[in-house]
Amino acid sequence: MRSIGLLLLLSGSVRGGCKWYQHTCNSGQCVRVVDICQGGDPMCNDESDMQYCKTADRNSPVPDSWYIRCNKTGGLPGQIVGTSQITDDKYQCIDRSDEDPYTVKEERTDQMENCTDEYGSPGVRVAGTDNCAQSGNWCTDWSAGLNPSLCHNRTAWQDIPCTWFDITGTRCTGGKSGQCIFPDQTKYDGPDRTCSDMSDQVHDQNSTCSDRSGLCAKYCGGGKADDVKCQSCLDPHNCTGSCSKPGPSCQACSNTEYFQCSATTCLHPGLRCDGHPQCSQGEDEEDCEDDYKEKKIVPADATFMCDLTYANSPTIKMWAIPCDGIRTCTKGEDEADCGKELLSFYWLIVVILLLCFISIALPKAMQCIATNKPSTEHILLRQRKKQSKLLTNLLTKIAKGEKREKQFFKMLRKIHIEQSDCLKICLMGVQFKKITRRERKKINNLYYQSELKIHNFSKPEVHLCMKNQLHATTCESILDDVAPGLKRKVTPTWMKKLAEAVKNNVIVSHLFYYAHRIFSICLSYVDLLKDLLLLMSLVSLVGGPYALWMNPSLFSSQIILLLLASVIIPLLLAGALLAFNSPVLVLGHDVRKAQEKNPLKVWQSVSLKLFTVLMSFLLPALLINAEEREKEEIKKLLEKETLDNKTLRCVLEKTDFCNVIKRRIMDFKKCETAIEIIIQIVIQITMLLLNKTKTGTRTGLEAVFDKEEQFGLSAQAGLVLSILWSFRTAVVSYVSSVQLEKNGFLSTKGKFIIGLRVFLVTAVRVLAIFFFFAPFLGQMNILAHWRADQITFQMVNYTNGVGVVTAWDNLTYSFWSETSQKILSVPFNSLYHATPPSYSLYTGVELSTAFFIFWILLFIQAGLAIGAKMISSREFFKTSVGSKLLHVIFTLNIPGIYQDWDDCPVPFNLSVQHHKKKFTDVTQEMTYMGVIQWLSNMALLVPMIFTGLNVIARHHLIQPAIGVFPEEAEAYNRVILLMWLLPSVVTVGAVLDMVLFRLYNTRFHPWSVIIADEEETPSAEAEEESDSILEDIGRMFPTNQPWWKTFLAFWEC
């Protein structure tokens, strides 16, 4: 087939004045078509080929099917290259159209089979195809079978003999094992004599290099001793290169640079660590992991170590990427168990239920350490038993419909004067007593109206008084009855009646309590199990824990370690805070009180703290379980007909205990939001988009997307849901932490505004961090120009039918510029690279350096935040160094304040003006934090902008000269878009952050009425709850007010 064509090409047939494979110069001179338009010097003596190269018709036919015309918009239209040069991982076309740098060449594992070509000669072909050629015609530089991965597949060729017409050769045994050589034949000029992979350069230590001058007289006579063909015939295996003194009949293997095998052979230094053992014991392939990766024999991110054995060769150690679809190991263990579910849905349910059971049962076991008996003594309340009983009876009578308003007003005023605590408990009991919704609403409205009279109808003073005297949940219930919120308005009446019926039914309420308790505990483990499932998948992909331990610096290993750290560090940090403050919280109120009265022994305290830290992953569920248990006991105590002193004392203590638990739960949520979630979202988005990019600089985790569906979801869909769930966790965790700070008192509108702000700030922060690392990872195909540069340009000049690679470093390339309408010249070395460049040519630094810079930026941001808070927050200035550092860590990604304006110490908690002053200080602190966050996010965009400028410069250089790939044009347009869009998004996000913060504090903060101006305070008359939502909407948007007020009211709603 092609061998016949090559012989015709070399012998030549005349078409007119020149041969069919030649170009006719204007002077009549004949030159080979493959010699002209190569970007070098003119081949025609009259230089007419230079004009032809620039003006030739790209659609004109080529001389023969052995050639193909370079067909992109740039370069030289007249350039023609051989079909053997297409996709050979070298640019020969000036416009680079002979290669596709964006298509991943899959490893070929085809089986070869015998066949007969069209000329009747025996040959081989890939099983299932029609392309049959002689075995000696495969994997050469000019003939069939050019796919590099197929030619490198030693297993596919191990049983194929080497033949070329009537002669027999030997097969190469290195990186190009599909090549055959015929070093001793002189009948034909076409076959190769030397292995391209140098695997034939293995010599006997006890031999001398043979003299082949007689054999090669055909090529070396007549003054051709320096001819390439002559030298190839005289020393086809480069034996003289192994001599210390090269020359005829020199001593082989005397060159100390050659690798000496333990047996009686030596081999070329280039065969050391080439992935193919040449020594009989395989010692030339020992300790070669770094060399394999440097030579790109294995991917840089390969972590799975296994045995590799070729036919008639010793076993060597090889590294592979597990589950990448390419079988590297001899037994295929790198592709074993790929795509299988790690954990079935049923096992996942079992694990969650088991953790729930442990969380409920573990506190009982932990009590074995704290053996002190619970104390039954209680502190005495300031109010008298008689006063508590009178108030309770009075409220009961009012609920039944008796007219006792004046008596209640007098008692309430007396309680204000004496500053008694009984009001706090009695009103809390009203919210839990088994009375109807209307009875509770009547009592709450009566209390609120009485407070208005006492404080001269000043709502700020009333709300300040409620804040200081009542529990937060009691305030929320009272205010919701006085002025129903969005949740109360939207909830249908039938649902309210159903909730009331459930509350008053003992059996149903208990079932609901236990179901809610178990559900809350199980929900706390969802995020942990989700993270562990992802970690397990990734660890299995890199070859298991051992491969992770042995290759910690690889990109895939660092991703896994970062994910692991984002899970473990927040849990350990929050667990350490709990162990340091109060490790007995999970054991309940009674055990904690006993421990306060009778302190634990040293060994008990140390053991309990150590146990608390080690069981950090269970602590959120344990704390939730303890809180739910104490809340249920409080509810039972408040449901009593009469509240005596003992009951009141117990309720107060358990309420304070629940508040302490909430603060510890808040520590876990803050750690989760500040450290875990941001890192996980960025990593998951990076993995998802890196799988879609064609210009990635790192590999190793793509196989996670090739796994079978788990729980009915593909890997991509599962990762998207995981990202959305992480955003949900960020919002819910932050809103929950704010709600815990307010002791549960937070309106639905307030939660929505806070959630919207957290989602916005988190999204902008994730965006900034993602695009900080995006250039270094080649995300979104923005490094398309770099990917194209990974294939180097090779200029080949042909002399007497032999192609010689020519250096082009000092050559100049001329082209016609459509923009300037003249011929421009640029150095070749500005268009092409002699060796594949690092992506740092565009990004400035490598990924490892960028990671270091990222942490420096975070430390600078933390330092600025500490300085700003020291200036604007008196409470932050006074707190300990540890508290300062923890708070800055918590607010590093989501700006926050150290202490809210409603958290005022005694006696300033009684002053409305002090609250307003503190609100001003808090606003100033938040403004500083917002500006610092904006500066930090803008600094994170610098690598993207820097890379974009380099991409634009490269694009402007090569587009008019040699043209660009479509992927390069897309990258050019994309970086231009990102360079103005990203800073705009970050700036708009910072402004919206401040707007939402201000809106929440002035409109939807639980105590926003305290800082509101008197004239802006709504009417003091209590609103009656409406049974119809339409009536509420009509009251909110009256038809007689201006349209803009209606719009603002609707927007607020």
# chains A, B, ... in the order shown; residues from 1 in each chain; ligands from 1
>>> residues_around(residues="A:Gly128", least_positions_apart="3", cutoff="12 Å", atoms="only C-alpha atoms", output="list of chain:residue names")
A:Asp110, A:Gln111, A:Met112, A:Glu113, A:Asn114, A:Cys115, A:Val124, A:Arg125, A:Asn131, A:Cys132
>>> write_last_selection(atoms="C-alpha atoms", output="PDB file, in the first residue's frame")
ATOM      1  CA  ASP A 110      -6.370  -2.394  20.057  1.00  0.00           C
ATOM      2  CA  GLN A 111      -5.629  -5.980  19.140  1.00  0.00           C
ATOM      3  CA  MET A 112      -3.687  -6.441  15.905  1.00  0.00           C
ATOM      4  CA  GLU A 113      -4.561  -9.168  13.396  1.00  0.00           C
ATOM      5  CA  ASN A 114      -2.929 -10.563  10.224  1.00  0.00           C
ATOM      6  CA  CYS A 115      -4.191  -9.470   6.837  1.00  0.00           C
ATOM      7  CA  VAL A 124      -1.359  -6.473   9.877  1.00  0.00           C
ATOM      8  CA  ARG A 125      -4.204  -4.195  10.816  1.00  0.00           C
ATOM      9  CA  ASN A 131      -6.333  -0.358   6.964  1.00  0.00           C
ATOM     10  CA  CYS A 132      -3.916  -3.190   6.187  1.00  0.00           C
TER      11      CYS A 132
END
>>> residues_around(residues="A:Met944", least_positions_apart="4", cutoff="12 Å", atoms="only C-alpha atoms", output="PDB file with N, CA and C atoms, in the first residue's frame")
ATOM      1  N   LEU A 767     -16.857  32.907  44.465  1.00  0.00           N
ATOM      2  CA  LEU A 767     -16.488  33.361  43.126  1.00  0.00           C
ATOM      3  C   LEU A 767     -15.066  33.905  43.111  1.00  0.00           C
ATOM      4  N   ALA A 768     -14.731  34.748  44.096  1.00  0.00           N
ATOM      5  CA  ALA A 768     -13.394  35.351  44.133  1.00  0.00           C
ATOM      6  C   ALA A 768     -12.311  34.293  44.354  1.00  0.00           C
ATOM      7  N   ILE A 769     -12.539  33.362  45.286  1.00  0.00           N
ATOM      8  CA  ILE A 769     -11.540  32.329  45.556  1.00  0.00           C
ATOM      9  C   ILE A 769     -11.395  31.394  44.353  1.00  0.00           C
ATOM     10  N   PHE A 770     -12.528  31.031  43.751  1.00  0.00           N
ATOM     11  CA  PHE A 770     -12.470  30.139  42.585  1.00  0.00           C
ATOM     12  C   PHE A 770     -11.653  30.767  41.463  1.00  0.00           C
ATOM     13  N   PHE A 771     -11.898  32.038  41.170  1.00  0.00           N
ATOM     14  CA  PHE A 771     -11.186  32.671  40.068  1.00  0.00           C
ATOM     15  C   PHE A 771      -9.768  33.079  40.462  1.00  0.00           C
ATOM     16  N   PHE A 772      -9.435  33.036  41.739  1.00  0.00           N
ATOM     17  CA  PHE A 772      -8.032  33.192  42.110  1.00  0.00           C
ATOM     18  C   PHE A 772      -7.228  31.989  41.627  1.00  0.00           C
ATOM     19  N   PHE A 773      -7.782  30.789  41.817  1.00  0.00           N
ATOM     20  CA  PHE A 773      -7.071  29.574  41.416  1.00  0.00           C
ATOM     21  C   PHE A 773      -7.375  29.141  39.985  1.00  0.00           C
ATOM     22  N   ALA A 774      -8.438  29.678  39.383  1.00  0.00           N
ATOM     23  CA  ALA A 774      -8.846  29.242  38.038  1.00  0.00           C
ATOM     24  C   ALA A 774      -7.731  29.355  37.002  1.00  0.00           C
ATOM     25  N   PRO A 775      -6.982  30.467  36.931  1.00  0.00           N
ATOM     26  CA  PRO A 775      -5.916  30.537  35.919  1.00  0.00           C
ATOM     27  C   PRO A 775      -4.847  29.469  36.101  1.00  0.00           C
ATOM     28  N   PHE A 776      -4.505  29.159  37.345  1.00  0.00           N
ATOM     29  CA  PHE A 776      -3.441  28.184  37.603  1.00  0.00           C
ATOM     30  C   PHE A 776      -3.894  26.753  37.308  1.00  0.00           C
ATOM     31  N   LEU A 777      -5.201  26.539  37.227  1.00  0.00           N
ATOM     32  CA  LEU A 777      -5.735  25.220  36.905  1.00  0.00           C
ATOM     33  C   LEU A 777      -6.221  25.134  35.468  1.00  0.00           C
ATOM     34  N   GLY A 778      -6.196  26.258  34.746  1.00  0.00           N
ATOM     35  CA  GLY A 778      -6.665  26.259  33.358  1.00  0.00           C
ATOM     36  C   GLY A 778      -8.163  26.132  33.242  1.00  0.00           C
ATOM     37  N   GLN A 779      -8.893  26.609  34.251  1.00  0.00           N
ATOM     38  CA  GLN A 779     -10.345  26.465  34.257  1.00  0.00           C
ATOM     39  C   GLN A 779     -10.984  27.249  33.110  1.00  0.00           C
ATOM     40  N   MET A 780     -12.154  26.778  32.684  1.00  0.00           N
ATOM     41  CA  MET A 780     -12.992  27.458  31.696  1.00  0.00           C
ATOM     42  C   MET A 780     -12.260  27.689  30.378  1.00  0.00           C
ATOM     43  N   ILE A 782      -9.498  28.979  29.684  1.00  0.00           N
ATOM     44  CA  ILE A 782      -8.862  30.280  29.495  1.00  0.00           C
ATOM     45  C   ILE A 782      -7.384  30.144  29.122  1.00  0.00           C
ATOM     46  N   LEU A 783      -6.808  28.960  29.294  1.00  0.00           N
ATOM     47  CA  LEU A 783      -5.416  28.741  28.896  1.00  0.00           C
ATOM     48  C   LEU A 783      -5.341  27.991  27.571  1.00  0.00           C
ATOM     49  N   TYR A 842       1.830  32.441  31.432  1.00  0.00           N
ATOM     50  CA  TYR A 842       0.629  33.274  31.385  1.00  0.00           C
ATOM     51  C   TYR A 842       0.200  33.726  32.772  1.00  0.00           C
ATOM     52  N   THR A 843       0.338  32.850  33.762  1.00  0.00           N
ATOM     53  CA  THR A 843      -0.143  33.182  35.110  1.00  0.00           C
ATOM     54  C   THR A 843       0.885  33.895  35.964  1.00  0.00           C
ATOM     55  N   GLY A 844       2.152  33.832  35.588  1.00  0.00           N
ATOM     56  CA  GLY A 844       3.211  34.494  36.356  1.00  0.00           C
ATOM     57  C   GLY A 844       3.897  33.580  37.333  1.00  0.00           C
ATOM     58  N   ALA A 850       1.107  30.200  44.098  1.00  0.00           N
ATOM     59  CA  ALA A 850      -0.181  30.882  44.215  1.00  0.00           C
ATOM     60  C   ALA A 850      -0.884  30.500  45.513  1.00  0.00           C
ATOM     61  N   ASN A 937     -11.473  40.522  48.191  1.00  0.00           N
ATOM     62  CA  ASN A 937     -12.011  39.869  46.999  1.00  0.00           C
ATOM     63  C   ASN A 937     -11.402  40.439  45.717  1.00  0.00           C
ATOM     64  N   MET A 938     -11.180  41.746  45.700  1.00  0.00           N
ATOM     65  CA  MET A 938     -10.560  42.347  44.518  1.00  0.00           C
ATOM     66  C   MET A 938      -9.116  41.863  44.360  1.00  0.00           C
ATOM     67  N   ALA A 939      -8.422  41.708  45.482  1.00  0.00           N
ATOM     68  CA  ALA A 939      -7.048  41.198  45.409  1.00  0.00           C
ATOM     69  C   ALA A 939      -7.020  39.765  44.887  1.00  0.00           C
ATOM     70  N   LEU A 940      -8.047  38.970  45.218  1.00  0.00           N
ATOM     71  CA  LEU A 940      -8.115  37.594  44.737  1.00  0.00           C
ATOM     72  C   LEU A 940      -8.350  37.518  43.229  1.00  0.00           C
ATOM     73  N   GLY A 948      -5.358  37.230  32.077  1.00  0.00           N
ATOM     74  CA  GLY A 948      -6.122  37.755  30.956  1.00  0.00           C
ATOM     75  C   GLY A 948      -5.305  38.696  30.089  1.00  0.00           C
ATOM     76  N   LEU A 949      -4.504  39.551  30.716  1.00  0.00           N
ATOM     77  CA  LEU A 949      -3.661  40.470  29.947  1.00  0.00           C
ATOM     78  C   LEU A 949      -2.639  39.707  29.109  1.00  0.00           C
ATOM     79  N   ASN A 950      -2.070  38.647  29.663  1.00  0.00           N
ATOM     80  CA  ASN A 950      -1.100  37.846  28.904  1.00  0.00           C
ATOM     81  C   ASN A 950      -1.769  37.081  27.766  1.00  0.00           C
ATOM     82  N   VAL A 951      -2.976  36.588  28.016  1.00  0.00           N
ATOM     83  CA  VAL A 951      -3.718  35.900  26.955  1.00  0.00           C
ATOM     84  C   VAL A 951      -4.023  36.869  25.814  1.00  0.00           C
ATOM     85  N   ARG A 974     -13.452  35.260  26.312  1.00  0.00           N
ATOM     86  CA  ARG A 974     -13.870  34.964  27.677  1.00  0.00           C
ATOM     87  C   ARG A 974     -13.084  35.777  28.706  1.00  0.00           C
ATOM     88  N   VAL A 975     -11.778  35.899  28.516  1.00  0.00           N
ATOM     89  CA  VAL A 975     -10.993  36.653  29.506  1.00  0.00           C
ATOM     90  C   VAL A 975     -11.335  38.142  29.445  1.00  0.00           C
ATOM     91  N   ILE A 976     -11.652  38.657  28.258  1.00  0.00           N
ATOM     92  CA  ILE A 976     -12.069  40.054  28.165  1.00  0.00           C
ATOM     93  C   ILE A 976     -13.359  40.271  28.951  1.00  0.00           C
ATOM     94  N   LEU A 977     -14.289  39.317  28.828  1.00  0.00           N
ATOM     95  CA  LEU A 977     -15.537  39.408  29.581  1.00  0.00           C
ATOM     96  C   LEU A 977     -15.295  39.328  31.087  1.00  0.00           C
ATOM     97  N   LEU A 978     -14.479  38.366  31.493  1.00  0.00           N
ATOM     98  CA  LEU A 978     -14.247  38.159  32.925  1.00  0.00           C
ATOM     99  C   LEU A 978     -13.491  39.325  33.559  1.00  0.00           C
ATOM    100  N   MET A 979     -12.630  39.979  32.799  1.00  0.00           N
ATOM    101  CA  MET A 979     -11.804  41.041  33.368  1.00  0.00           C
ATOM    102  C   MET A 979     -12.619  42.260  33.796  1.00  0.00           C
ATOM    103  N   TRP A 980     -13.782  42.486  33.179  1.00  0.00           N
ATOM    104  CA  TRP A 980     -14.622  43.601  33.648  1.00  0.00           C
ATOM    105  C   TRP A 980     -15.821  43.096  34.447  1.00  0.00           C
ATOM    106  N   LEU A 981     -16.268  41.862  34.171  1.00  0.00           N
ATOM    107  CA  LEU A 981     -17.448  41.354  34.861  1.00  0.00           C
ATOM    108  C   LEU A 981     -17.167  41.006  36.316  1.00  0.00           C
ATOM    109  N   LEU A 982     -16.044  40.334  36.576  1.00  0.00           N
ATOM    110  CA  LEU A 982     -15.753  39.891  37.941  1.00  0.00           C
ATOM    111  C   LEU A 982     -15.598  41.065  38.915  1.00  0.00           C
ATOM    112  N   PRO A 983     -14.790  42.096  38.616  1.00  0.00           N
ATOM    113  CA  PRO A 983     -14.731  43.238  39.541  1.00  0.00           C
ATOM    114  C   PRO A 983     -16.088  43.909  39.742  1.00  0.00           C
TER     115      PRO A 983
END
>>> closest_residue(among="A:Ser984, A:Thr891, A:Gln684, A:Gln913", to="A:Leu721", atoms="only C-alpha atoms")
A:Gln684
>>> residues_around(residues="A:Leu563", least_positions_apart="4", cutoff="7 Å", atoms="only C-alpha atoms", output="PDB file with N, CA, C and O atoms, in the first residue's frame")
ATOM      1  N   ILE A 559      -6.104  18.153  47.157  1.00  0.00           N
ATOM      2  CA  ILE A 559      -7.552  18.364  47.168  1.00  0.00           C
ATOM      3  C   ILE A 559      -8.198  17.517  48.266  1.00  0.00           C
ATOM      4  O   ILE A 559      -9.043  17.992  49.039  1.00  0.00           O
ATOM      5  N   VAL A 567     -13.234  19.261  57.084  1.00  0.00           N
ATOM      6  CA  VAL A 567     -14.190  18.519  57.903  1.00  0.00           C
ATOM      7  C   VAL A 567     -13.689  18.385  59.338  1.00  0.00           C
ATOM      8  O   VAL A 567     -14.441  18.606  60.303  1.00  0.00           O
ATOM      9  N   GLN A 680     -15.224  23.719  50.927  1.00  0.00           N
ATOM     10  CA  GLN A 680     -15.850  22.601  50.228  1.00  0.00           C
ATOM     11  C   GLN A 680     -16.556  23.050  48.959  1.00  0.00           C
ATOM     12  O   GLN A 680     -16.494  22.374  47.930  1.00  0.00           O
TER      13      GLN A 680
END
>>> closest_residue(among="A:Cys93, A:Leu529, A:Gln251, A:Val758", to="A:Arg69", atoms="only C-alpha atoms")
A:Cys93
>>> select_by_dssp(residues="stretch 176-298 of chain A", states="strand (DSSP E)", output="list in words")
Cys180, Ile181, Val202, His203, Asp204, Phe259, Gln260, Thr265, Cys266 and Leu267 of chain A
>>> closest_atom_pairs(of="stretch 256-337 of chain A", to="stretch 205-223 of chain A", cutoff="10 Å", atoms="only C-alpha atoms", output="tab-separated table")
residue	atom	partner	partner_atom	distance
A:Gln260	CA	A:Gln205	CA	8.5
A:Cys261	CA	A:Gln205	CA	9.4
A:Ala263	CA	A:Gln205	CA	9.0
A:Thr264	CA	A:Gln205	CA	5.4
A:Thr265	CA	A:Gln205	CA	5.1
A:Cys266	CA	A:Gln205	CA	6.4
A:Leu267	CA	A:Gln205	CA	9.7
>>> write_last_selection(atoms="N, CA, C and O atoms", output="compact mmCIF listing (two decimals), in the first residue's frame")
# COMPACT_ATOMS: atom_id res chain seq x y z
N GLN A 260 25.19 0.61 33.30
CA GLN A 260 25.75 -0.74 33.34
C GLN A 260 24.78 -1.67 34.06
O GLN A 260 24.49 -1.48 35.25
N CYS A 261 24.26 -2.65 33.36
CA CYS A 261 23.37 -3.63 33.97
C CYS A 261 24.19 -4.58 34.85
O CYS A 261 25.41 -4.71 34.70
N ALA A 263 24.13 -7.65 34.70
CA ALA A 263 24.62 -8.75 33.86
C ALA A 263 25.77 -8.25 32.99
O ALA A 263 26.59 -7.46 33.43
N THR A 264 25.83 -8.63 31.76
CA THR A 264 26.98 -8.31 30.90
C THR A 264 26.60 -7.31 29.81
O THR A 264 27.19 -7.31 28.73
N THR A 265 25.63 -6.48 30.04
CA THR A 265 25.20 -5.51 29.04
C THR A 265 25.23 -4.10 29.59
O THR A 265 25.25 -3.88 30.80
N CYS A 266 25.23 -3.16 28.68
CA CYS A 266 25.08 -1.75 29.03
C CYS A 266 24.06 -1.14 28.07
O CYS A 266 23.80 -1.71 27.01
N LEU A 267 23.54 -0.01 28.42
CA LEU A 267 22.52 0.60 27.56
C LEU A 267 22.63 2.12 27.58
O LEU A 267 23.21 2.71 28.51
>>> atom_distance(atom1="atom CA of A:Gln449", atom2="atom CA of A:Cys650")
29.6 Å
>>> residues_around(residues="A:Gly241", least_positions_apart="5", cutoff="10 Å", atoms="only C-alpha atoms", output="JSON, numbers by chain")
{"A": [201, 209, 235, 246, 247, 250, 252, 253, 254, 255, 257, 258, 268]}
>>> residues_around(residues="A:Asp290", least_positions_apart="5", cutoff="10 Å", atoms="only C-alpha atoms", output="PyMOL selection string")
chain A and resi 273+295-296+298+300
